[in-house]
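Colleague: input.txt is the file, holding compact mmCIF, C-alpha atoms:
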```txt
# COMPACT_ATOMS: atom_id res chain seq x y z
CA MET A 67 95.70 173.53 -24.01
CA MET A 68 95.48 177.29 -23.39
CA ALA A 69 95.64 177.99 -27.14
CA THR A 70 92.51 175.91 -27.87
CA THR A 71 90.56 177.13 -24.81
CA THR A 72 90.95 180.83 -25.57
CA PRO A 73 89.10 180.80 -28.95
CA PHE A 74 86.30 178.73 -27.42
CA VAL A 75 85.84 181.14 -24.49
CA PHE A 76 85.98 184.09 -26.87
CA ALA A 77 83.32 182.52 -29.13
CA VAL A 78 80.99 181.85 -26.18
CA LEU A 79 81.44 185.44 -24.98
CA LEU A 80 80.59 186.81 -28.44
CA LEU A 81 77.45 184.67 -28.64
CA PHE A 82 76.37 185.87 -25.20
CA LEU A 83 76.86 189.52 -26.16
CA ALA A 84 75.03 189.05 -29.46
CA ALA A 85 72.06 187.48 -27.69
CA GLN A 86 71.95 190.35 -25.20
CA GLY A 87 71.98 192.88 -28.02
CA ASN A 88 68.83 191.40 -29.56
CA CYS A 89 66.72 192.29 -26.52
CA GLN A 90 67.82 195.82 -25.81
CA CYS A 91 64.31 197.28 -26.05
CA HIS A 92 63.35 200.41 -24.19
CA SER A 93 59.90 200.98 -22.72
CA GLY A 94 58.88 203.99 -24.82
CA THR A 95 61.04 203.54 -27.89
CA ASP A 96 61.46 200.94 -30.62
CA PHE A 97 57.97 201.45 -31.98
CA PHE A 98 57.25 202.29 -35.60
CA ILE A 99 54.04 204.27 -36.13
CA THR A 100 52.49 204.75 -39.55
CA GLN A 101 49.34 206.53 -40.52
CA ALA A 102 47.66 206.48 -43.91
CA PRO A 103 44.36 207.72 -45.32
CA THR A 104 41.94 204.94 -46.22
CA GLY A 105 40.35 207.05 -48.96
CA GLN A 106 37.00 206.93 -47.14
CA THR A 107 35.12 209.90 -45.68
CA ILE A 108 32.96 209.46 -42.59
CA LYS A 109 30.60 212.37 -41.75
CA ASN A 110 32.76 214.69 -43.88
CA LYS A 111 35.96 213.67 -42.06
CA PRO A 112 38.80 211.70 -43.67
CA GLU A 113 39.36 208.20 -42.31
CA TRP A 114 42.86 207.15 -41.27
CA THR A 115 44.45 203.80 -40.47
CA VAL A 116 47.06 203.90 -37.73
CA THR A 117 49.49 201.01 -37.32
CA ILE A 118 51.72 200.80 -34.26
CA LYS A 119 54.43 198.19 -34.69
CA ASN A 120 56.57 196.77 -31.90
CA ASP A 121 59.87 197.24 -33.73
CA CYS A 122 61.83 195.05 -31.32
CA SER A 123 62.20 191.31 -30.78
CA CYS A 124 60.90 191.54 -27.20
CA SER A 125 57.22 191.24 -26.30
CA ARG A 126 55.54 194.25 -24.72
CA ASP A 127 52.35 194.99 -22.84
CA ASN A 128 50.72 197.95 -21.12
CA ILE A 129 51.65 200.09 -24.12
CA GLN A 130 50.55 203.68 -23.57
CA VAL A 131 50.10 206.09 -26.45
CA TYR A 132 50.18 209.89 -26.26
CA VAL A 133 48.08 211.99 -28.65
CA GLU A 134 46.79 215.55 -28.34
CA GLY A 135 43.41 216.59 -29.72
CA PHE A 136 42.28 213.10 -30.65
CA HIS A 137 38.67 212.81 -31.78
CA SER A 138 36.83 210.50 -34.12
CA VAL A 139 33.38 210.63 -35.68
CA GLU A 140 33.51 206.84 -36.04
CA GLU A 141 33.91 204.54 -33.07
CA VAL A 142 37.48 203.40 -32.52
CA ASP A 143 37.66 199.74 -31.54
CA PRO A 144 38.17 200.00 -27.75
CA SER A 145 40.07 196.69 -27.72
CA LYS A 146 42.69 198.39 -29.92
CA LEU A 147 42.78 201.89 -28.37
CA SER A 148 41.06 202.97 -25.16
CA LYS A 149 41.15 206.30 -23.38
CA ILE A 150 43.00 206.69 -20.07
CA THR A 151 43.11 210.51 -19.92
CA ASP A 152 42.51 213.30 -22.44
CA THR A 153 45.94 212.70 -24.01
CA ASN A 154 46.87 209.14 -22.96
CA TYR A 155 45.49 205.92 -24.39
CA LEU A 156 46.03 202.21 -23.82
CA LEU A 157 46.90 200.09 -26.85
CA ASN A 158 45.54 196.55 -27.33
CA ASN A 159 43.70 196.50 -23.97
CA GLY A 160 47.12 196.42 -22.33
CA ASN A 161 47.69 192.92 -23.73
CA VAL A 162 50.96 191.63 -25.14
CA VAL A 163 52.17 192.73 -28.54
CA ARG A 164 54.86 190.25 -29.53
CA GLY A 165 58.12 191.23 -31.15
CA TYR A 166 57.64 192.77 -34.61
CA ASP A 167 53.83 192.42 -34.41
CA SER A 168 51.56 195.41 -34.81
CA VAL A 169 48.16 196.76 -33.80
CA SER A 170 46.04 198.77 -36.23
CA PHE A 171 42.90 200.85 -35.83
CA ASN A 172 40.90 203.39 -37.82
CA TYR A 173 39.62 206.81 -36.88
CA ALA A 174 37.88 209.60 -38.80
CA TRP A 175 38.94 213.17 -38.06
CA SER A 176 41.79 215.50 -38.89
CA ARG A 177 45.18 213.80 -38.82
CA VAL A 178 46.92 213.80 -35.41
CA GLU A 179 50.31 212.50 -34.29
CA PHE A 180 50.59 209.41 -32.08
CA SER A 181 53.62 208.46 -29.97
CA VAL A 182 54.27 205.63 -27.55
CA THR A 183 55.25 206.91 -24.12
CA THR A 184 55.77 203.71 -22.16
CA SER A 185 55.40 199.94 -22.15
CA SER A 186 56.54 196.93 -20.17
CA VAL A 187 59.27 194.92 -21.91
CA TYR A 188 59.63 191.12 -21.72
CA CYS A 189 62.68 189.48 -23.29
```
Show me the file's structure as structure tokens.

Modeller:
Amino acid sequence: MMATTTPFVFAVLLLFLAAQGNCQCHSGTDFFITQAPTGQTIKNKPEWTVTIKNDCSCSRDNIQVYVEGFHSVEEVDPSKLSKITDTNYLLNNGNVVRGYDSVSFNYAWSRVEFSVTTSSVYC
């Protein structure tokens, strides 16, 4: 009896550990940020599309983005990116971004670097 129980217990333990490993998201990491020129010029400034992807299987909300010197001569959709302080912004109105989904927005100015500083994680 012991010989048949041991493989079963071991298999259940492996499945449990594998499931845990799929939701090991961290609040400020596991985001993939891309930025590409659209080819358009707005008021003599190049337009950029920024895509921030939740690169984890867990859902997240209250995603905060850090960026220095951010300006835009075109209005950025405030439901996608809204200002909290001079260098901190709220993504997606603080709403949930599901696992592997992304939020995109455009701005027109010189290229700046965006990074996610924090989020709430729900697995």

Colleague: Which of these residues is nearest to Cys124 of chain A, using only C-alpha atoms: A:Cys91, A:Leu157, A:Val169, A:Val162?

Modeller: A:Cys91

Colleague: Residues proximal to (46.4, 215.2, -41.9) were defined as those with any atom within 10 Å of that point in the file's coordinates, counting all atoms listed in the file. Which are they, as JSON, numbers by chain?

Modeller: {"A": [101, 102, 103, 112, 113, 114, 175, 176, 177, 178, 179]}

Colleague: Please list as a short mmCIF file (atom, residue, chain, number, x, y, z; two decimals) with C-alpha atoms, in the coordinates of the input every residue within 10 Å of Ser168 of chain A, counting all atoms listed in the file and excluding residues in the same chain fewer than 2 positions away.

Modeller:
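Result written to selection-v7.cif:
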```
data_model
loop_
_atom_site.label_atom_id
_atom_site.label_comp_id
_atom_site.auth_asym_id
_atom_site.auth_seq_id
_atom_site.Cartn_x
_atom_site.Cartn_y
_atom_site.Cartn_z
CA PHE A 97 57.97 201.45 -31.98
CA PHE A 98 57.25 202.29 -35.60
CA ILE A 99 54.04 204.27 -36.13
CA THR A 117 49.49 201.01 -37.32
CA ILE A 118 51.72 200.80 -34.26
CA LYS A 119 54.43 198.19 -34.69
CA ASN A 120 56.57 196.77 -31.90
CA ASP A 121 59.87 197.24 -33.73
CA ASN A 158 45.54 196.55 -27.33
CA VAL A 163 52.17 192.73 -28.54
CA ARG A 164 54.86 190.25 -29.53
CA GLY A 165 58.12 191.23 -31.15
CA TYR A 166 57.64 192.77 -34.61
CA SER A 170 46.04 198.77 -36.23
#
```

Colleague: Let me make sure I understand: among A:Val182, A:Val187, A:Val139, A:Asp167, which one has the smallest atom-to-atom distance to Lys109 of chain A if we use all atoms listed in the file?

Modeller: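 For Lys109 of chain A, the nearest of the given residues is A:Val139.
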
Colleague: What is the atom CA of Glu140 of chain A-atom CA of Ile108 of chain A distance in Å, reported with one decimal?

Modeller: 7.1 Å

Colleague: From the list A:Gln106, A:Ser138, A:Thr100, A:Asn128, which residue is nearest Phe180 of chain A when using only C-alpha atoms?

Modeller: A:Thr100

Colleague: Taking all atoms listed in the file into account, name the residue in A:Thr115, A:Asn161, A:Ser123, A:Gln90 that is nearest to Ala174 of chain A.

Modeller: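 So, comparing all the options, the nearest one is A:Thr115.
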